[in-house]
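J.: Shown below is the structure under consideration.
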Amino acid sequence: MLNKNSIFAANNCTREFGTGKKIVRAVDNTTFSIESGEIVSIVGGSGCGKSVLAKMMLGLYKPTDGTLLYNNAPVTNTKIHWREVQAVFQDPFSCFNQFFTIRSQLKDAFGILQEKPSHKEIEKRIDNALLAVNIKPHEISGKYPFELSGGQMQRMLLARIFILRPKVLIADEPTSMVDACVRANILDYLMKLKEELKMTIVFVTHDIGLAYYVSDRLFIMHNGRIVEQGTPDEVTLSPRSEHTVRLLEDIPEIHRAWIC
């Protein structure tokens, strides 16, 4: 059921690509709401539409039909929208220019803000953001993206989120390129972000086990539709959709404690 006070609310939301007989419906007549402060995971296999839905929430795609509202209004200005809604993606290297230093690009992130802080405040916020993701500022001094590991680059993306302090973070497969222990660290940083910035997090993943441990609610997607939604226990203990059952078959011990 939709709630007019939801931070995101979709009503029969559809997104199509192509024309004529080649139309592909990536998101199909989807209805949902996300409340402020929630962690919601959108879970599904490749091609289910979850990343397209995430990009719609970012304002990169507009609905072909139906509505998708942020704070009860459609997204009409992406620059303003991105002051409050930010993302981290699967490949952090694609989010940074390889020809500029990491620190210079973290400074550039302030350009999206309505009021740019002073130079002293910018330097302080960058240092604090780096420390928040367990990177000492001198460790990236003069360094370029290609000089860092994948795990370090993911932390640079999270540092940028600490800098911008958005209300919503959309995390699209942010741990898929790193090993298990780095994955656990990144998830810890995401939880730290949520607590310190009081953020809403939309976590996009194919891994229902990971989603189970970090989420307040799960949305299961298949062929562009949300086929099931509920709390992690509701969805995993009493699945109603065959697609949820298939996802669960890959992780038979989902309710055991997850330890790195």
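Ordered as shown in the structure tokens, chains take letters A, B, and onward, while each chain numbers its residues from 1 and ligands are numbered from 1 in the order shown.
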Among stretch 59-201 of chain A, which ones does DSSP place in strand (DSSP E or B), written as a PyMOL selection string?

T.: chain A and resi 65-70+73-74+85-88+168-172+200-201

J.: Would you mind exporting the chosen residues as a CSV table (one decimal), in the first residue's frame, restricted to C-alpha atoms?

T.:
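Okay, again38.csv is ready:
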chain,number,residue,atom,x,y,z
A,65,ASP,CA,4.0,4.9,-17.7
A,66,GLY,CA,2.8,5.2,-14.1
A,67,THR,CA,4.4,7.3,-11.5
A,68,LEU,CA,7.6,7.3,-9.4
A,69,LEU,CA,7.7,10.0,-6.7
A,70,TYR,CA,10.4,11.2,-4.4
A,73,ALA,CA,6.8,14.7,-6.3
A,74,PRO,CA,8.3,13.5,-9.6
A,85,VAL,CA,19.9,11.0,-3.6
A,86,GLN,CA,23.3,9.5,-4.3
A,87,ALA,CA,24.6,6.1,-5.4
A,88,VAL,CA,27.5,3.7,-5.2
A,168,VAL,CA,19.1,8.4,0.3
A,169,LEU,CA,21.9,6.1,-0.8
A,170,ILE,CA,21.2,3.6,-3.7
A,171,ALA,CA,23.8,0.9,-3.5
A,172,ASP,CA,23.9,-1.2,-6.7
A,200,THR,CA,17.6,5.6,3.7
A,201,ILE,CA,19.4,2.9,1.9

J.: Near A:Glu228, counting only C-alpha atoms, which residues have an atom at most 9 Å away, once you skip same-chain residues fewer than 5 positions from it, shown as a list in words?

T.: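 That gives Leu218, Phe219, Ile220, Met221, Val235, Pro239, Arg240, Ser241, His243 and Thr244 of chain A.
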
J.: When you count only C-alpha atoms, which of these residues is closest to A:Ser94: A:Met153, A:Val214, A:Val204, A:Leu193?

T.: A:Met153

J.: Give me the residues near A:Phe32 as a PDB file with N, CA and C atoms, in the first residue's frame, where near means some atom within 9 Å (using only C-alpha atoms) and where sequence neighbours in that chain fewer than 3 positions away do not count.

T.:
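Resulting contents of around_17.pdb:
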ATOM      1  N   MET A   1       0.849  -1.204   0.000  1.00  0.00           N
ATOM      2  CA  MET A   1       0.000   0.000   0.000  1.00  0.00           C
ATOM      3  C   MET A   1       0.880   1.249   0.000  1.00  0.00           C
ATOM      4  N   LEU A   2       0.498   2.235  -0.832  1.00  0.00           N
ATOM      5  CA  LEU A   2       1.277   3.458  -0.927  1.00  0.00           C
ATOM      6  C   LEU A   2       1.007   4.365   0.270  1.00  0.00           C
ATOM      7  N   PHE A   8      10.151   7.347  -1.219  1.00  0.00           N
ATOM      8  CA  PHE A   8       9.920   6.934  -2.599  1.00  0.00           C
ATOM      9  C   PHE A   8       8.585   6.223  -2.664  1.00  0.00           C
ATOM     10  N   ALA A   9       7.809   6.506  -3.701  1.00  0.00           N
ATOM     11  CA  ALA A   9       6.534   5.831  -3.901  1.00  0.00           C
ATOM     12  C   ALA A   9       6.322   5.618  -5.396  1.00  0.00           C
ATOM     13  N   ALA A  10       6.101   4.372  -5.785  1.00  0.00           N
ATOM     14  CA  ALA A  10       5.840   4.041  -7.186  1.00  0.00           C
ATOM     15  C   ALA A  10       4.435   3.487  -7.303  1.00  0.00           C
ATOM     16  N   ASN A  11       3.738   3.909  -8.342  1.00  0.00           N
ATOM     17  CA  ASN A  11       2.378   3.438  -8.589  1.00  0.00           C
ATOM     18  C   ASN A  11       2.256   3.001 -10.051  1.00  0.00           C
ATOM     19  N   ASN A  12       2.132   1.694 -10.256  1.00  0.00           N
ATOM     20  CA  ASN A  12       2.042   1.125 -11.610  1.00  0.00           C
ATOM     21  C   ASN A  12       3.159   1.653 -12.504  1.00  0.00           C
ATOM     22  N   PHE A 219      12.467  -6.636  -1.476  1.00  0.00           N
ATOM     23  CA  PHE A 219      11.639  -6.660  -2.680  1.00  0.00           C
ATOM     24  C   PHE A 219      12.271  -7.697  -3.610  1.00  0.00           C
ATOM     25  N   ILE A 226       7.965  -6.626  -9.119  1.00  0.00           N
ATOM     26  CA  ILE A 226       8.221  -7.025  -7.739  1.00  0.00           C
ATOM     27  C   ILE A 226       7.210  -8.116  -7.420  1.00  0.00           C
ATOM     28  N   GLN A 229       7.282  -9.053  -1.528  1.00  0.00           N
ATOM     29  CA  GLN A 229       7.947  -8.104  -0.644  1.00  0.00           C
ATOM     30  C   GLN A 229       7.498  -8.322   0.786  1.00  0.00           C
TER      31      GLN A 229
END

J.: Report as a list in words all protein, DNA and RNA residues lying within 10 Å of stretch 142-144 of chain A, evaluated on only C-alpha atoms, omitting residues in the same chain fewer than 5 positions from it.

T.: Phe96, Asn97, Gln98, Phe99, Phe100, Thr101, Ile102, Arg103, Ser104 and Gln105 of chain A

J.: Mind writing the picked residues with C-alpha atoms as a JSON list (two decimals), in the first residue's frame?

T.:
[["chain", "number", "residue", "atom", "x", "y", "z"],
["A", 96, "PHE", "CA", 36.37, 8.11, -11.11],
["A", 97, "ASN", "CA", 38.44, 9.72, -13.85],
["A", 98, "GLN", "CA", 41.73, 7.83, -14.11],
["A", 99, "PHE", "CA", 43.64, 11.01, -15.10],
["A", 100, "PHE", "CA", 42.93, 13.02, -11.94],
["A", 101, "THR", "CA", 43.96, 12.35, -8.36],
["A", 102, "ILE", "CA", 41.50, 10.85, -5.91],
["A", 103, "ARG", "CA", 41.60, 13.86, -3.60],
["A", 104, "SER", "CA", 40.96, 16.36, -6.42],
["A", 105, "GLN", "CA", 37.89, 14.37, -7.43]]

J.: In Å, how far is it from atom CA of A:Asn185 to atom CA of A:Glu249?

T.: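 Separation between atom CA of A:Asn185 and atom CA of A:Glu249: 25.9 Å.
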
J.: Quick one: of A:Thr64, A:Ser46, A:Ser238, A:Thr205, who's nearest to A:Asp28, counting only C-alpha atoms?

T.: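 Looking only at the distances to A:Asp28, the closest residue turns out to be A:Thr64.
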
J.: Please indicate the distance in Å from atom CA of A:Arg125 to atom CA of A:Pro166, rounded to one decimal place.

T.: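 Straight-line distance from atom CA of A:Arg125 to atom CA of A:Pro166 works out to 14.2 Å.
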
J.: According to DSSP computed on the backbone, where in stretch 27-240 of chain A is there helix (DSSP H, G or I)? Give the residues as JSON, numbers by chain.

T.: {"A": [50, 51, 52, 53, 54, 55, 56, 57, 78, 79, 80, 81, 92, 93, 94, 95, 102, 103, 104, 105, 106, 107, 108, 109, 110, 111, 112, 119, 120, 121, 122, 123, 124, 125, 126, 127, 128, 129, 130, 131, 132, 137, 138, 139, 140, 145, 146, 147, 150, 151, 152, 153, 154, 155, 156, 157, 158, 159, 160, 161, 162, 163, 164, 180, 181, 182, 183, 184, 185, 186, 187, 188, 189, 190, 191, 192, 193, 194, 195, 196, 197, 208, 209, 210, 211, 212, 213, 214, 232, 233, 234, 235, 236, 237]}

J.: Provide the atom CA of A:Ile39 to atom CA of A:Asp108 distance in Å, to one decimal place.

T.: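 We find that atom CA of A:Ile39 and atom CA of A:Asp108 lie 28.2 Å from each other.
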